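Chemist: Here you go, one structure.
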Protein chains: 2
Amino acid sequence: MDVKDIDTPALVVDLDAMERNLAGMARFARERGLRLRPHAKMHKSAEIARLQIAAGAVGVCVQKTAEAETLAAGGVDDILVTNEVVAPLKLARLATLAQQLAGRGGRLGVAVDSAHGVAALAAAMAGVAASIDVYVEIDVGHGRCGAAPGEAALALARQVGAHAPLHLAGLQAYHGRAQHQRTPAERAASIAAAAQAAAHTRDLIEAAGFGPLCITGAGSGTFTLEAASGVWHELQVGSYLFMDADYAANEADPQAPVFEHALFVKAQVISRQADRAICDAGHKSHAIDTGLPRVAWPEGLAFANGGDEHGVLRAAQPGVRLPAIGDTVWLIPGHCDPTVNLHDELLGVRGGLHAGRVERRIRVDARGALT
Amino acid sequence: MDVKDIDTPALVVDLDAMERNLAGMARFARERGLRLRPHAKMHKSAEIARLQIAAGAVGVCVQKTAEAETLAAGGVDDILVTNEVVAPLKLARLATLAQQLAGRGGRLGVAVDSAHGVAALAAAMAGVAASIDVYVEIDVGHGRCGAAPGEAALALARQVGAHAPLHLAGLQAYHGRAQHQRTPAERAASIAAAAQAAAHTRDLIEAAGFGPLCITGAGSGTFTLEAASGVWHELQVGSYLFMDADYAANEADPQAPVFEHALFVKAQVISRQADRAICDAGHKSHAIDTGLPRVAWPEGLAFANGGDEHGVLRAAQPGVRLPAIGDTVWLIPGHCDPTVNLHDELLGVRGGLHAGRVERRIRVDARGALT
């Protein structure tokens with residue numbers, strides 16, 4: 001199928017751009033001797049996870065038990081749930097999955113940040129013929145989950161160490177807020193503080209006889225900083241593969257490889273009025289939590305919110321001609337992760353958005369995998 | 001299954017509240033002699049559409065061709081696409097659907113707002129052994145799609161009238177922005193202006209020998225005004241069935257039946273810090289286009305954005321005790337339509353959220369039906 005024949009709205013991946021992003025991040029991690037564990041919450045696709053692993057990733061991260069199950073069923077063997085899981089039902093599923101993955105030479109990890117969580121995980125793993133990698137999550141500035149760095153984290157590490165099926169693998173240290181700080185100086189200050197907290201906590205826990213610990217974290221907005229710190233061993237970047245309008249709004253770090261937009265919503269103009277064109281993509285097609293999409297093409301258009309199923313396009317400067325009814329519009333979503341989660345499949349295009357062809361359909365296997 | 005055993009996050013419908021809402025709107029329309037055609041873009045469920053029709057609705061509205069196909073496959077026979085459709089591929093699908101629905105005694109309608117759109121629709125319907133109801137959409141203040149009221153709409157009506165398989169059924173006159181104006185006075189002013197524009201356009205078209213026209217529109221924020229105007233024949237309300245935090249933020253119209261919140265996200269606390277509890281529902285569980293969810297229970301908590309998969313709960317007043325790890329939290333989504341679209345199913349609960357049981361699972365058939 002030609003790109004021009006893709007029905008709208010549709011979520012389209014420029015495979016050429018995606019593959020350049022894939023290779024660029026793999027090279028970055030390899031050159032610095034760092035483990036790459038991309039975050040699959042972004043793409044939710046077993047096919048893409050396998051591509052990332054083939055390019056050198058050790059495995060992937062997910063946020064949810066159901067995502068881990070779905071990707072494992074799709075052939076991914078090494079998965080880290082970078083989140084707290086406390087429901088006994090979910091922990092029983094994780095225990096089953098840990099056993100499955102171990103049985104085929106893989107491994108499962110999970111984050112903890114409370115004594116309650118460690119006890120519940122230990123109860124679920126009791127009698128299971130496999131171990132699970134446990135990462136003590138510390139709050140390095142994000143202000144969401146995570147134990148306080150230092151003594152609180154050490155106490156959790158000791159508790160993890162007291163249960164044989166729990167393998168104290170390291171620290172989960174992710175500074176989510178830093179990803180979207182706009183200037184390199186702000187991001188550098190945040191990650192420097194995070195590095196200090198993570199290194200101090202690691203030293204404390206290793207001095208107590210545990211470890212060595214793997215410190216895992218980082219995102220597409222700051223990974224050069226975590227990499228340069230010498231503190232992190234593993235990078236959890238996700239968005240680099242597709243990029244989005246929000247990450248593009250960061251002032252670039254001169255040390256960072258350049259990543260291209262690879263994810264687009266193809267839309268069509270369905271109505272024209274004197275001052276505006278209305279297209280068939282609204283926020284059931286693209287997430288708007290970090291802002292509205294940018295119009296990639298035609299140039300010179302500003303996108304205004306038209307509700308669930310419409311986008312309102314106006315000239316961003318005088319002299320720009322509005323597109324006509326039936327014309328194609330290409331949008332760059334504000335935030336790739338929740339945008340992908342709205343779609344059952346990604347249409348992978350080879351040869352560019354304008355003259356290319358659909359090479360393959362990529363299933364969003366874990367779409368809606370919330371539990 | 002007991003409610004307490006529902007895994008989280010999950011989208012839960014309080015069936016008792018939903019049924020009271022269902023009956024309340026049906027009674028309102030019946031008592032005023034108005035046709036009720038609820039908007040199924042909200043629930044995307046054939047089962048719920050059938051319930052609405054059993055309660056007296058003439059059929060349903062949808063926004064997308066794919067929604068119409070999905071609901072028709074689920075047994076809904078009378079469907080109006082309240083939106084412009086211009087792609088030849090989609091129009092061919094609508095033509096097929098019009099024939100199918102006519103064959104079982106039903107009907108299909110669609111909105112148009114351009115000469116391009118009418119010509120493309122006529123081309124698709126040429127040779128089809130069925131007619132399609134055409135509603136000329138006029139912009140009555142929403143500022144999105146819609147021809148200008150008056151002469152422009154008359155010109156489109158004449159064009160529709162020139163094609164035998166196109167049946168000029170009426171005017172689509174929906175003032176979306178008025179739904180969310182907070183005071184009754186603002187909403188009354190908006191709908192009074194919309195009524196004048198719609199009546200004037202109707203008179204013009206009927207004087208030219210067409211009609212009688214059905215004027216269709218209204219939403220859950222303003223339907224009492226459209227009903228009282230004497231101009232609208234048909235109400236397209238959607239959100240009344242579930243309600244959401246945004247509609248609840250409107251100052252109530254004393255004439256309106258009271259609708260209850262019937263849609264909730266069940267979430268669980270997975271992390272506790274000194275000043276906050278973190279639950280497992282973020283904006284992959286609920287849409288935030290009209291704002292964050294409200295916490296229905298426990299009382300006294302404020303919800304802050306924790307990203308795709310987390311919500312951060314803090315005490316809204318001094319003295320409120322934060323929930324503990326493992327505790328259940330009930331959220332009222334900001335906007336029901338795009339929230340439902342994130343989920344594959346709704347869990348229908350009988351007997352209340354705290355002690356009830358899951359009576360049935362309601363499939364969100366048209367989830368992700370974007371084209």
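Chain labels follow the order of the structure tokens: the first chain is A, the next B, and so on; residue numbering restarts at 1 in every chain, and ligands are counted from 1 in their shown order.
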Pull out every residue of chain B sitting within 9 Å of chain A, counting only C-alpha atoms, and send them as a ChimeraX atom specification.
Modeler: /B:7-10,63-64,83-87,89-90,112-114,116-117,144-148,268-273,276-278,280-281,283-285,287-289,306-312,325-326,337-338,341-344,367-368,370-371
Chemist: Find the residues around range 196-204 of chain B up to 12 Å (only C-alpha atoms counted), leave out those fewer than 4 positions away in its own chain, and share them as a PyMOL selection string.
Modeler: chain B and resi 135-141+146-158+168-175+189-192+208-217+226+229-233
Chemist: Near Val13 in chain A, within 7 Å and counting only C-alpha atoms, which residues show up once chain neighbours fewer than 3 positions away are dropped, as a list of chain:residue names?
Modeler: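 Answer for this query is A:Ala262, A:Leu263, A:Phe264, A:Leu346, A:Leu347, A:Gly348, A:Val349.
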Chemist: As a list of chain:residue names, please: every residue in range 80-139 of chain B that a backbone DSSP assignment puts in strand (DSSP E).
Modeler: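 Residues of range 80-139 of chain B classed as strand (DSSP E): B:Leu80, B:Val81, B:Thr82, B:Asn83, B:Glu84, B:Arg107, B:Leu108, B:Gly109, B:Val110, B:Ala111, B:Val112, B:Ile132, B:Asp133, B:Val134, B:Tyr135, B:Val136, B:Glu137.
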Chemist: Identify, on the basis of only C-alpha atoms, every residue whose closest approach to Leu166 in chain A does not exceed 12 Å; exclude the query and any residue fewer than 4 positions from it along the same chain; express the result as number ranges by chain.
Modeler: A: 95, 98, 108-112, 118-136, 156-162, 170
Chemist: Please list as a list in words every residue within 10 Å of Ala245 in chain A, counting only C-alpha atoms and excluding residues in the same chain fewer than 5 positions away.
Modeler: Asn250, His261, Thr290, Gly291, Leu292, Pro293, Arg294, Val295, Leu331, Ile332, Pro333, Gly334, His335 and Cys336 of chain A
Chemist: With only C-alpha atoms as the atoms that count, which of B:Leu225, B:Val3, B:Ala55, B:Val364 lies nearest to Pro38 in chain B?
Modeler: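 Looking at the shortest contact to Pro38 in chain B, the residue is B:Ala55.
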